[in-house]
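Trainee: mmCIF, N, CA and C atoms, file entry-v8.cif:
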```
data_upload
#
loop_
_atom_site.label_atom_id
_atom_site.label_comp_id
_atom_site.auth_asym_id
_atom_site.auth_seq_id
_atom_site.Cartn_x
_atom_site.Cartn_y
_atom_site.Cartn_z
N GLY A 28 0.80 -1.19 0.00
CA GLY A 28 0.00 0.00 0.00
C GLY A 28 0.85 1.26 0.00
N LEU A 29 1.92 1.25 0.76
CA LEU A 29 2.78 2.43 0.85
C LEU A 29 3.46 2.69 -0.49
N ALA A 30 3.87 1.65 -1.19
CA ALA A 30 4.48 1.82 -2.51
C ALA A 30 3.48 2.46 -3.47
N ASN A 31 2.22 2.07 -3.40
CA ASN A 31 1.19 2.66 -4.26
C ASN A 31 1.01 4.14 -3.95
N ALA A 32 1.08 4.50 -2.67
CA ALA A 32 0.88 5.89 -2.27
C ALA A 32 2.07 6.78 -2.64
N LEU A 33 3.29 6.23 -2.52
CA LEU A 33 4.48 7.05 -2.73
C LEU A 33 5.06 6.96 -4.13
N GLY A 34 4.80 5.87 -4.85
CA GLY A 34 5.32 5.71 -6.21
C GLY A 34 6.83 5.70 -6.28
N PRO A 35 7.51 4.86 -5.49
CA PRO A 35 8.98 4.89 -5.47
C PRO A 35 9.60 4.31 -6.75
N ASP A 36 10.88 4.65 -6.96
CA ASP A 36 11.63 4.09 -8.07
C ASP A 36 12.14 2.69 -7.73
N ARG A 37 12.33 2.44 -6.44
CA ARG A 37 12.79 1.12 -6.01
C ARG A 37 12.31 0.86 -4.59
N VAL A 38 12.28 -0.42 -4.24
CA VAL A 38 11.91 -0.84 -2.90
C VAL A 38 13.02 -1.74 -2.39
N VAL A 39 13.64 -1.35 -1.28
CA VAL A 39 14.74 -2.10 -0.71
C VAL A 39 14.24 -2.83 0.54
N VAL A 40 14.50 -4.13 0.58
CA VAL A 40 14.11 -4.96 1.72
C VAL A 40 15.39 -5.47 2.36
N GLY A 41 15.65 -5.02 3.58
CA GLY A 41 16.89 -5.37 4.25
C GLY A 41 16.70 -6.35 5.38
N GLY A 42 17.58 -6.23 6.36
CA GLY A 42 17.56 -7.15 7.48
C GLY A 42 17.96 -8.55 7.04
N GLY A 43 17.33 -9.55 7.59
CA GLY A 43 17.64 -10.93 7.24
C GLY A 43 16.88 -11.43 6.04
N VAL A 44 15.93 -10.66 5.53
CA VAL A 44 15.07 -11.12 4.44
C VAL A 44 15.85 -11.54 3.19
N PRO A 45 16.83 -10.77 2.71
CA PRO A 45 17.53 -11.19 1.49
C PRO A 45 18.30 -12.50 1.64
N ARG A 46 18.61 -12.89 2.87
CA ARG A 46 19.37 -14.13 3.08
C ARG A 46 18.49 -15.36 3.22
N ILE A 47 17.18 -15.20 3.20
CA ILE A 47 16.29 -16.34 3.44
C ILE A 47 16.31 -17.33 2.28
N GLY A 48 16.52 -16.85 1.07
CA GLY A 48 16.62 -17.78 -0.04
C GLY A 48 15.74 -17.42 -1.21
N ALA A 49 15.99 -18.08 -2.33
CA ALA A 49 15.30 -17.78 -3.58
C ALA A 49 13.80 -18.06 -3.51
N LEU A 50 13.43 -19.17 -2.88
CA LEU A 50 12.01 -19.53 -2.81
C LEU A 50 11.21 -18.43 -2.11
N TYR A 51 11.73 -17.94 -0.99
CA TYR A 51 11.05 -16.87 -0.27
C TYR A 51 11.09 -15.58 -1.07
N GLY A 52 12.22 -15.31 -1.71
CA GLY A 52 12.35 -14.10 -2.52
C GLY A 52 11.35 -14.05 -3.65
N GLU A 53 11.14 -15.18 -4.29
CA GLU A 53 10.16 -15.24 -5.38
C GLU A 53 8.75 -15.05 -4.85
N ALA A 54 8.45 -15.65 -3.72
CA ALA A 54 7.12 -15.49 -3.11
C ALA A 54 6.89 -14.04 -2.68
N LEU A 55 7.92 -13.42 -2.11
CA LEU A 55 7.83 -12.02 -1.70
C LEU A 55 7.57 -11.12 -2.90
N ALA A 56 8.33 -11.34 -3.98
CA ALA A 56 8.16 -10.52 -5.19
C ALA A 56 6.77 -10.70 -5.78
N ALA A 57 6.27 -11.91 -5.81
CA ALA A 57 4.93 -12.17 -6.36
C ALA A 57 3.84 -11.52 -5.51
N ALA A 58 3.95 -11.65 -4.19
CA ALA A 58 2.96 -11.04 -3.30
C ALA A 58 3.01 -9.52 -3.39
N PHE A 59 4.21 -8.97 -3.49
CA PHE A 59 4.39 -7.53 -3.60
C PHE A 59 3.76 -7.01 -4.89
N ALA A 60 4.06 -7.68 -6.01
CA ALA A 60 3.53 -7.26 -7.32
C ALA A 60 2.01 -7.34 -7.36
N ALA A 61 1.44 -8.32 -6.67
CA ALA A 61 -0.02 -8.49 -6.67
C ALA A 61 -0.73 -7.31 -6.01
N GLU A 62 -0.04 -6.60 -5.13
CA GLU A 62 -0.63 -5.47 -4.42
C GLU A 62 -0.42 -4.13 -5.11
N LEU A 63 0.43 -4.09 -6.12
CA LEU A 63 0.77 -2.82 -6.78
C LEU A 63 -0.25 -2.42 -7.83
N MET A 64 -0.40 -1.12 -8.00
CA MET A 64 -1.22 -0.60 -9.09
C MET A 64 -0.47 -0.84 -10.40
N PRO A 65 -1.18 -0.96 -11.52
CA PRO A 65 -0.53 -1.28 -12.80
C PRO A 65 0.71 -0.46 -13.15
N PRO A 66 0.75 0.85 -12.94
CA PRO A 66 1.97 1.59 -13.33
C PRO A 66 3.23 1.18 -12.54
N LEU A 67 3.04 0.55 -11.40
CA LEU A 67 4.17 0.19 -10.55
C LEU A 67 4.52 -1.29 -10.59
N ARG A 68 3.84 -2.06 -11.42
CA ARG A 68 4.01 -3.52 -11.42
C ARG A 68 5.43 -3.97 -11.75
N GLY A 69 6.27 -3.10 -12.28
CA GLY A 69 7.64 -3.47 -12.58
C GLY A 69 8.56 -3.43 -11.37
N LEU A 70 8.08 -2.87 -10.26
CA LEU A 70 8.90 -2.81 -9.04
C LEU A 70 9.11 -4.21 -8.48
N VAL A 71 10.34 -4.49 -8.11
CA VAL A 71 10.68 -5.76 -7.49
C VAL A 71 11.50 -5.45 -6.24
N PRO A 72 11.14 -6.01 -5.10
CA PRO A 72 11.95 -5.77 -3.90
C PRO A 72 13.38 -6.24 -4.14
N GLU A 73 14.35 -5.43 -3.72
CA GLU A 73 15.75 -5.79 -3.92
C GLU A 73 16.52 -5.62 -2.62
N PRO A 74 17.64 -6.32 -2.50
CA PRO A 74 18.46 -6.19 -1.28
C PRO A 74 19.21 -4.87 -1.27
N PRO A 75 19.65 -4.41 -0.11
CA PRO A 75 20.41 -3.16 -0.03
C PRO A 75 21.72 -3.26 -0.80
N LEU A 76 22.13 -2.17 -1.40
CA LEU A 76 23.36 -2.12 -2.17
C LEU A 76 24.58 -2.48 -1.33
N PHE A 77 24.59 -2.07 -0.07
CA PHE A 77 25.74 -2.33 0.79
C PHE A 77 25.52 -3.52 1.72
N GLY A 78 24.58 -4.39 1.37
CA GLY A 78 24.38 -5.63 2.13
C GLY A 78 24.03 -5.41 3.58
N HIS A 79 24.63 -6.24 4.43
CA HIS A 79 24.30 -6.22 5.86
C HIS A 79 24.72 -4.93 6.54
N ASP A 80 25.66 -4.21 5.95
CA ASP A 80 26.16 -2.99 6.57
C ASP A 80 25.39 -1.74 6.14
N ALA A 81 24.36 -1.88 5.34
CA ALA A 81 23.65 -0.72 4.78
C ALA A 81 23.09 0.20 5.87
N ALA A 82 22.45 -0.37 6.88
CA ALA A 82 21.85 0.47 7.93
C ALA A 82 22.91 1.22 8.72
N VAL A 83 24.00 0.56 9.05
CA VAL A 83 25.08 1.19 9.81
C VAL A 83 25.75 2.28 8.99
N LEU A 84 26.01 2.00 7.71
CA LEU A 84 26.63 3.00 6.84
C LEU A 84 25.71 4.20 6.64
N GLY A 85 24.42 3.95 6.51
CA GLY A 85 23.46 5.05 6.38
C GLY A 85 23.40 5.91 7.63
N ALA A 86 23.41 5.27 8.79
CA ALA A 86 23.41 6.02 10.05
C ALA A 86 24.68 6.84 10.18
N ALA A 87 25.81 6.27 9.79
CA ALA A 87 27.07 7.01 9.86
C ALA A 87 27.06 8.20 8.91
N ALA A 88 26.49 8.03 7.72
CA ALA A 88 26.42 9.13 6.75
C ALA A 88 25.54 10.26 7.27
N LEU A 89 24.51 9.93 8.04
CA LEU A 89 23.63 10.97 8.58
C LEU A 89 24.37 11.92 9.51
N THR A 90 25.41 11.44 10.16
CA THR A 90 26.12 12.30 11.11
C THR A 90 26.77 13.49 10.42
N THR A 91 27.03 13.40 9.15
CA THR A 91 27.61 14.53 8.42
C THR A 91 26.54 15.39 7.77
N ALA A 92 25.30 14.91 7.74
CA ALA A 92 24.24 15.63 7.05
C ALA A 92 23.29 16.37 7.99
N LEU A 93 23.22 15.95 9.24
CA LEU A 93 22.28 16.56 10.16
C LEU A 93 22.81 17.89 10.70
N PRO A 94 21.99 18.93 10.71
CA PRO A 94 22.43 20.23 11.24
C PRO A 94 22.87 20.15 12.69
N LEU A 95 22.37 19.20 13.44
CA LEU A 95 22.71 19.02 14.84
C LEU A 95 24.22 18.85 15.02
N HIS A 96 24.89 18.30 14.02
CA HIS A 96 26.30 18.01 14.14
C HIS A 96 27.20 19.07 13.53
N HIS A 97 26.64 20.19 13.18
CA HIS A 97 27.42 21.29 12.63
C HIS A 97 27.28 22.48 13.57
N PRO A 98 28.26 22.68 14.43
CA PRO A 98 28.16 23.80 15.39
C PRO A 98 27.92 25.12 14.68
N GLY A 99 27.00 25.89 15.18
CA GLY A 99 26.70 27.18 14.61
C GLY A 99 25.67 27.16 13.50
N ALA A 100 25.24 25.97 13.09
CA ALA A 100 24.25 25.87 12.02
C ALA A 100 22.87 26.30 12.55
N LEU A 101 22.10 26.86 11.67
CA LEU A 101 20.74 27.26 12.05
C LEU A 101 19.91 26.01 12.26
N ARG A 102 19.04 26.07 13.23
CA ARG A 102 18.16 24.92 13.51
C ARG A 102 16.75 25.27 13.23
#
```
Represent the structure of the file as structure tokens.

Mentor:
Amino acid sequence: GLANALGPDRVVVGGGVPRIGALYGEALAAAFAAELMPPLRGLVPEPPLFGHDAAVLGAAALTTALPLHHPGALR
């Protein structure tokens, strides 16, 4: 439902899901596609580009982007 509302270019499914195996991955993709509106039917859930470290790397990258970490920045 959220993909239908937001119309994303991609959907990333992380955590342990990508390691579960092909059978589960195919079932997940089929169930996901069945819920999408026709213009989005080409979307397929994919694993994070940086694998298991994606969440940690993303959190680390945020430390350089958040105004909280730049002394003197307007809030």

Trainee: Which one of A:Ala49, A:Asn31, A:Leu67, A:Gly42 sits closest to Ala82 of chain A if you count only N, CA and C atoms?

Mentor: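 Nearest to Ala82 of chain A: A:Gly42.
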
Trainee: Just the number, please: distance in Å from atom CA of Ala60 of chain A to atom N of Pro72 of chain A, one decimal.

Mentor: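 Taking atom CA of Ala60 of chain A and atom N of Pro72 of chain A, their separation equals 8.0 Å.
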
Trainee: For the PyMOL selection byres ((chain A and resi 36) around 8), applied here, can you spell out every residue it catches as a PyMOL selection string?

Mentor: chain A and resi 33-35+37-39+69-71

Trainee: Closest to Ala58 of chain A among A:Gly85, A:Arg46, A:Leu76, A:Gly28, using only C-alpha atoms?

Mentor: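 Counting only C-alpha atoms, the residue closest to Ala58 of chain A is A:Gly28.
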
Trainee: Which of chain A counts as alpha helix (DSSP H) under DSSP, as a VMD selection string please?

Mentor: chain A and resid 29 to 33 49 to 62 81 to 92

Trainee: Let's see if you can do this: from backbone DSSP, list all strand (DSSP E) residues in segment 37-83 of chain A, as a PyMOL selection string.

Mentor: chain A and resi 38-39+72-73

Trainee: Between atom N of Pro74 of chain A and atom C of Ala56 of chain A, what is the distance in Å, rounded to a tenth?

Mentor: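 About the pair atom N of Pro74 of chain A and atom C of Ala56 of chain A: they are 12.2 Å apart.
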
Trainee: Taking into account all atoms listed in the file, which residue in the set A:Gly78, A:Thr91, A:Arg68, A:Glu62 is nearest to Gly41 of chain A?

Mentor: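 Of A:Gly78, A:Thr91, A:Arg68, A:Glu62, the one nearest Gly41 of chain A is A:Gly78, counting all atoms listed in the file.
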
Trainee: A:Val44, A:Ala57, A:Ala81, A:Met64: which is nearest Ala32 of chain A, counting only N, CA and C atoms?

Mentor: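 Distance minimum relative to Ala32 of chain A lands on A:Met64.
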
Trainee: Using Å and a single decimal, report how far atom CA of Leu55 of chain A sits from atom CA of Ala88 of chain A.

Mentor: 29.4 Å
